[in-house]
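Structure data (PDB, C-alpha atoms) from protein.pdb:
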ATOM      1  CA  MET A   1      24.787 147.889 -83.209  1.00  0.00           C
ATOM      2  CA  ALA A   2      24.136 146.173 -79.952  1.00  0.00           C
ATOM      3  CA  LYS A   3      26.514 143.727 -78.306  1.00  0.00           C
ATOM      4  CA  ALA A   4      25.699 140.057 -78.552  1.00  0.00           C
ATOM      5  CA  PRO A   5      24.663 138.491 -75.209  1.00  0.00           C
ATOM      6  CA  LYS A   6      27.304 136.337 -73.438  1.00  0.00           C
ATOM      7  CA  ALA A   7      26.725 132.629 -73.363  1.00  0.00           C
ATOM      8  CA  ALA A   8      25.553 131.280 -70.011  1.00  0.00           C
ATOM      9  CA  PHE A   9      28.152 129.289 -67.987  1.00  0.00           C
ATOM     10  CA  GLN A  10      27.781 125.566 -68.465  1.00  0.00           C
ATOM     11  CA  PRO A  11      29.651 123.462 -65.783  1.00  0.00           C
ATOM     12  CA  SER A  12      31.509 120.406 -66.958  1.00  0.00           C
ATOM     13  CA  PRO A  13      29.482 117.258 -66.252  1.00  0.00           C
ATOM     14  CA  LYS A  14      32.709 115.367 -65.380  1.00  0.00           C
ATOM     15  CA  LYS A  15      33.471 117.411 -62.283  1.00  0.00           C
ATOM     16  CA  VAL A  16      31.674 116.600 -59.033  1.00  0.00           C
ATOM     17  CA  PRO A  17      31.747 119.074 -56.153  1.00  0.00           C
ATOM     18  CA  HIS A  18      33.434 117.857 -52.934  1.00  0.00           C
ATOM     19  CA  THR A  19      30.204 118.150 -51.011  1.00  0.00           C
ATOM     20  CA  ALA A  20      28.573 115.614 -53.307  1.00  0.00           C
ATOM     21  CA  SER A  21      31.208 112.910 -52.775  1.00  0.00           C
ATOM     22  CA  LEU A  22      31.169 110.578 -49.797  1.00  0.00           C
ATOM     23  CA  PRO A  23      34.115 110.517 -47.382  1.00  0.00           C
ATOM     24  CA  LYS A  24      36.460 107.581 -47.686  1.00  0.00           C
ATOM     25  CA  THR A  25      35.947 105.316 -44.703  1.00  0.00           C
ATOM     26  CA  GLU A  26      39.296 103.574 -45.094  1.00  0.00           C
ATOM     27  CA  LYS A  27      41.095 106.809 -44.238  1.00  0.00           C
ATOM     28  CA  ARG A  28      41.289 107.521 -40.538  1.00  0.00           C
ATOM     29  CA  PRO A  29      43.240 110.167 -38.691  1.00  0.00           C
ATOM     30  CA  ARG A  30      46.269 108.826 -36.891  1.00  0.00           C
ATOM     31  CA  MET A  31      46.397 109.671 -33.231  1.00  0.00           C
ATOM     32  CA  PRO A  32      49.575 108.848 -31.346  1.00  0.00           C
ATOM     33  CA  GLN A  33      49.050 106.128 -28.776  1.00  0.00           C
ATOM     34  CA  VAL A  34      49.552 107.392 -25.272  1.00  0.00           C
ATOM     35  CA  ARG A  35      49.969 103.985 -23.664  1.00  0.00           C
ATOM     36  CA  GLY A  36      51.070 101.009 -25.675  1.00  0.00           C
ATOM     37  CA  GLY A  37      53.144 103.132 -28.048  1.00  0.00           C
ATOM     38  CA  PRO A  38      56.902 102.861 -28.413  1.00  0.00           C
ATOM     39  CA  LEU A  39      58.853 103.589 -25.256  1.00  0.00           C
ATOM     40  CA  VAL A  40      61.162 106.556 -25.005  1.00  0.00           C
ATOM     41  CA  TRP A  41      63.964 106.688 -22.432  1.00  0.00           C
ATOM     42  CA  ARG A  42      65.070 109.855 -20.630  1.00  0.00           C
ATOM     43  CA  PHE A  43      68.225 109.686 -18.517  1.00  0.00           C
ATOM     44  CA  SER A  44      68.294 113.293 -17.322  1.00  0.00           C
ATOM     45  CA  SER A  45      66.768 112.436 -13.943  1.00  0.00           C
ATOM     46  CA  ILE A  46      68.767 109.356 -12.931  1.00  0.00           C
ATOM     47  CA  ASP A  47      69.643 109.100  -9.261  1.00  0.00           C
ATOM     48  CA  ARG A  48      73.396 109.633  -8.974  1.00  0.00           C
ATOM     49  CA  ASP A  49      73.556 109.047  -5.225  1.00  0.00           C
ATOM     50  CA  GLY A  50      71.884 106.749  -2.766  1.00  0.00           C
ATOM     51  CA  PRO A  51      71.639 102.983  -2.552  1.00  0.00           C
ATOM     52  CA  PHE A  52      70.303 102.472  -6.089  1.00  0.00           C
ATOM     53  CA  ALA A  53      72.477 104.981  -7.936  1.00  0.00           C
ATOM     54  CA  TRP A  54      73.621 104.360 -11.468  1.00  0.00           C
ATOM     55  CA  SER A  55      77.192 104.991 -10.333  1.00  0.00           C
ATOM     56  CA  ALA A  56      77.067 101.458  -8.886  1.00  0.00           C
ATOM     57  CA  LEU A  57      76.891 100.119 -12.438  1.00  0.00           C
ATOM     58  CA  ASP A  58      80.640 100.114 -13.004  1.00  0.00           C
ATOM     59  CA  ASP A  59      80.961  96.853 -14.954  1.00  0.00           C
ATOM     60  CA  PRO A  60      81.149  97.699 -18.689  1.00  0.00           C
ATOM     61  CA  ALA A  61      79.633  94.344 -19.680  1.00  0.00           C
ATOM     62  CA  ALA A  62      76.652  94.819 -17.342  1.00  0.00           C
ATOM     63  CA  TYR A  63      76.214  98.397 -18.593  1.00  0.00           C
ATOM     64  CA  LYS A  64      76.221  97.218 -22.207  1.00  0.00           C
ATOM     65  CA  GLU A  65      73.740  94.460 -21.377  1.00  0.00           C
ATOM     66  CA  ALA A  66      71.409  96.954 -19.648  1.00  0.00           C
ATOM     67  CA  MET A  67      71.489  99.383 -22.572  1.00  0.00           C
ATOM     68  CA  GLU A  68      70.856  96.612 -25.104  1.00  0.00           C
ATOM     69  CA  LYS A  69      67.874  95.366 -23.108  1.00  0.00           C
ATOM     70  CA  LEU A  70      66.410  98.881 -22.818  1.00  0.00           C
ATOM     71  CA  HIS A  71      66.872  99.221 -26.574  1.00  0.00           C
ATOM     72  CA  GLN A  72      64.937  95.973 -27.076  1.00  0.00           C
ATOM     73  CA  PHE A  73      62.077  97.314 -24.955  1.00  0.00           C
ATOM     74  CA  GLU A  74      61.722 100.247 -27.375  1.00  0.00           C
ATOM     75  CA  THR A  75      60.668  97.868 -30.139  1.00  0.00           C
ATOM     76  CA  MET A  76      58.182  95.870 -28.053  1.00  0.00           C
ATOM     77  CA  GLU A  77      54.498  96.356 -27.320  1.00  0.00           C
ATOM     78  CA  GLU A  78      53.523  97.022 -23.720  1.00  0.00           C
ATOM     79  CA  THR A  79      51.861  93.609 -23.386  1.00  0.00           C
ATOM     80  CA  ALA A  80      55.061  91.843 -24.472  1.00  0.00           C
ATOM     81  CA  ILE A  81      57.122  93.885 -22.013  1.00  0.00           C
ATOM     82  CA  ARG A  82      54.792  92.952 -19.172  1.00  0.00           C
ATOM     83  CA  ALA A  83      54.868  89.307 -20.220  1.00  0.00           C
ATOM     84  CA  GLN A  84      58.636  89.307 -19.590  1.00  0.00           C
ATOM     85  CA  GLY A  85      58.230  90.399 -15.964  1.00  0.00           C
ATOM     86  CA  SER A  86      58.252  94.204 -16.205  1.00  0.00           C
ATOM     87  CA  HIS A  87      55.406  95.962 -14.433  1.00  0.00           C
ATOM     88  CA  PRO A  88      54.384  99.059 -12.468  1.00  0.00           C
ATOM     89  CA  VAL A  89      54.829  98.891  -8.693  1.00  0.00           C
ATOM     90  CA  GLU A  90      53.024 101.141  -6.249  1.00  0.00           C
ATOM     91  CA  VAL A  91      55.370 103.170  -4.051  1.00  0.00           C
ATOM     92  CA  TRP A  92      53.975 101.749  -0.809  1.00  0.00           C
ATOM     93  CA  GLN A  93      55.182  98.294  -1.959  1.00  0.00           C
ATOM     94  CA  LEU A  94      58.814  99.433  -2.251  1.00  0.00           C
ATOM     95  CA  CYS A  95      61.320  98.711   0.482  1.00  0.00           C
ATOM     96  CA  LYS A  96      61.655 101.344   3.204  1.00  0.00           C
ATOM     97  CA  GLU A  97      65.081 102.374   1.900  1.00  0.00           C
ATOM     98  CA  ALA A  98      63.620 103.106  -1.548  1.00  0.00           C
ATOM     99  CA  GLN A  99      60.706 105.051  -0.057  1.00  0.00           C
ATOM    100  CA  ASN A 100      63.127 107.111   2.039  1.00  0.00           C
ATOM    101  CA  ARG A 101      65.273 107.798  -1.016  1.00  0.00           C
ATOM    102  CA  LEU A 102      62.225 109.024  -2.945  1.00  0.00           C
ATOM    103  CA  ALA A 103      61.557 111.454  -0.093  1.00  0.00           C
ATOM    104  CA  GLU A 104      65.191 112.643  -0.150  1.00  0.00           C
ATOM    105  CA  ILE A 105      65.072 113.407  -3.868  1.00  0.00           C
ATOM    106  CA  GLU A 106      61.595 114.941  -3.513  1.00  0.00           C
ATOM    107  CA  LEU A 107      59.739 112.320  -5.543  1.00  0.00           C
ATOM    108  CA  ASP A 108      57.645 110.944  -2.698  1.00  0.00           C
ATOM    109  CA  ASP A 109      54.471 112.293  -4.339  1.00  0.00           C
ATOM    110  CA  LEU A 110      54.571 109.532  -6.981  1.00  0.00           C
ATOM    111  CA  ASP A 111      51.971 106.786  -6.912  1.00  0.00           C
ATOM    112  CA  ALA A 112      53.997 104.149  -8.757  1.00  0.00           C
ATOM    113  CA  LEU A 113      57.286 103.376 -10.477  1.00  0.00           C
ATOM    114  CA  MET A 114      57.865 101.077 -13.424  1.00  0.00           C
ATOM    115  CA  SER A 115      60.147  98.098 -12.893  1.00  0.00           C
ATOM    116  CA  PHE A 116      61.870  96.804 -16.027  1.00  0.00           C
ATOM    117  CA  ARG A 117      63.209  93.268 -15.656  1.00  0.00           C
ATOM    118  CA  LEU A 118      66.535  92.874 -17.439  1.00  0.00           C
ATOM    119  CA  THR A 119      67.580  89.475 -16.089  1.00  0.00           C
ATOM    120  CA  GLY A 120      66.600  87.289 -13.148  1.00  0.00           C
ATOM    121  CA  ALA A 121      67.377  89.856 -10.456  1.00  0.00           C
ATOM    122  CA  ARG A 122      68.505  92.950 -12.370  1.00  0.00           C
ATOM    123  CA  ARG A 123      65.980  95.763 -12.682  1.00  0.00           C
ATOM    124  CA  VAL A 124      65.837  99.311 -14.010  1.00  0.00           C
ATOM    125  CA  TRP A 125      63.351 101.563 -12.215  1.00  0.00           C
ATOM    126  CA  CYS A 126      61.670 104.472 -13.976  1.00  0.00           C
ATOM    127  CA  ARG A 127      59.091 107.159 -13.452  1.00  0.00           C
ATOM    128  CA  MET A 128      56.334 106.973 -16.043  1.00  0.00           C
ATOM    129  CA  ASP A 129      55.051 109.849 -18.141  1.00  0.00           C
ATOM    130  CA  ASN A 130      52.780 108.181 -20.705  1.00  0.00           C
ATOM    131  CA  ASN A 131      55.197 106.277 -22.965  1.00  0.00           C
ATOM    132  CA  MET A 132      58.232 108.254 -21.743  1.00  0.00           C
ATOM    133  CA  MET A 133      60.273 106.434 -19.112  1.00  0.00           C
ATOM    134  CA  LEU A 134      62.317 108.724 -16.882  1.00  0.00           C
ATOM    135  CA  VAL A 135      65.096 106.399 -15.747  1.00  0.00           C
ATOM    136  CA  LEU A 136      65.694 106.590 -12.014  1.00  0.00           C
ATOM    137  CA  TRP A 137      67.464 103.607 -10.415  1.00  0.00           C
ATOM    138  CA  TRP A 138      69.731 100.679 -11.187  1.00  0.00           C
ATOM    139  CA  ASP A 139      68.762  97.657  -9.068  1.00  0.00           C
ATOM    140  CA  PRO A 140      71.157  94.746  -9.654  1.00  0.00           C
ATOM    141  CA  GLY A 141      69.856  92.594  -6.798  1.00  0.00           C
ATOM    142  CA  HIS A 142      66.077  93.102  -6.888  1.00  0.00           C
ATOM    143  CA  ALA A 143      66.339  95.081  -3.630  1.00  0.00           C
ATOM    144  CA  VAL A 144      64.010  98.018  -4.411  1.00  0.00           C
ATOM    145  CA  CYS A 145      60.970  95.766  -4.221  1.00  0.00           C
ATOM    146  CA  PRO A 146      62.039  92.352  -2.993  1.00  0.00           C
ATOM    147  CA  SER A 147      59.541  89.621  -3.709  1.00  0.00           C
ATOM    148  CA  PRO A 148      59.046  86.741  -1.317  1.00  0.00           C
ATOM    149  CA  LYS A 149      60.339  83.425  -2.556  1.00  0.00           C
ATOM    150  CA  LYS A 150      57.604  81.129  -3.789  1.00  0.00           C
ATOM    151  CA  HIS A 151      56.659  78.065  -1.761  1.00  0.00           C
ATOM    152  CA  THR A 152      58.492  79.143   1.407  1.00  0.00           C
TER     153      THR A 152
END
Could you write out this file's structure as structure tokens?
Amino acid sequence: MAKAPKAAFQPSPKKVPHTASLPKTEKRPRMPQVRGGPLVWRFSSIDRDGPFAWSALDDPAAYKEAMEKLHQFETMEETAIRAQGSHPVEVWQLCKEAQNRLAEIELDDLDALMSFRLTGARRVWCRMDNNMMLVLWWDPGHAVCPSPKKHT
């Protein structure tokens, strides 16, 4: 007696191969934003000496206020931060003392620093690396880049 032939494979009509389906347009890959993303603070490169050293920030209330403001910046979009008076400043616009200090700490190859406005005159100066801010100076009197008074 001969064996009976096997039945031919019949695919299920309910299943559709992946190549036959269209991609979902509502799904998009998420790329991290380089600029405009949340800010990250790095304190490993703060200037501990010189005229704008963080050691000059010896008032606990002022220190707390500075840290709270930096924390607020982490939750804000870049446009909102700039709207409050924070902005990049080219190195050639800094006061001579600040330019000399950059040379002393071997950072005179930078094109710009970021000035974060905490209050009327208080500033925190940082080097920028995409959305990472490398904190550099404490400037309580707006001395790193003094601006001329308006209407004078």
Selection under test: the PyMOL selection byres ((chain A and resi 84) around 12); residues as a ChimeraX atom specification: /A:69,72-73,76-83,85-87,115-120,123
Nearby residues (only C-alpha atoms) at most 7 Å from His142 of chain A, same-chain spacing under 3 positions excluded, as a PyMOL selection string: chain A and resi 121-123+139+145-146
Atom CA of Arg42 of chain A to atom CA of Met67 of chain A, straight-line distance in Å: 12.4 Å
Separation of atom CA of Leu113 of chain A from atom CA of Glu90 of chain A in Å: 6.4 Å
Long-range neighbours of Cys95 of chain A as a PyMOL selection string, 9 Å cut-off, only C-alpha atoms, 4 positions minimum in chain: chain A and resi 91+99-100+143-146
Result set of the PyMOL selection byres ((chain A and resi 52) around 12) on the coordinates above, as a ChimeraX atom specification: /A:46-51,53-57,95,97-102,122-126,135-145
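Our summary of the geometry notes that atom CA of Asp108 of chain A is positioned 24.3 Å from atom CA of Pro148 of chain A.
If you measure from each of A:Thr75, A:Leu70, A:Leu110, A:Pro38 to Trp92 of chain A using only C-alpha atoms, the closest one turns out to be A:Leu110.
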Could you work out an axis-aligned box for segment 117-130 of chain A, taking every atom the file lists and adding 6 Å on each side, and report centre and edge lengths in Å to one decimal, as lines of an AutoDock Vina configuration file?
center_x = 60.6
center_y = 98.6
center_z = -15.6
size_x = 27.7
size_y = 34.6
size_z = 22.2
Distance criterion (all atoms listed in the file): nearest to Met114 of chain A out of A:Leu134, A:Pro88, A:Phe43, A:Lys64: A:Pro88
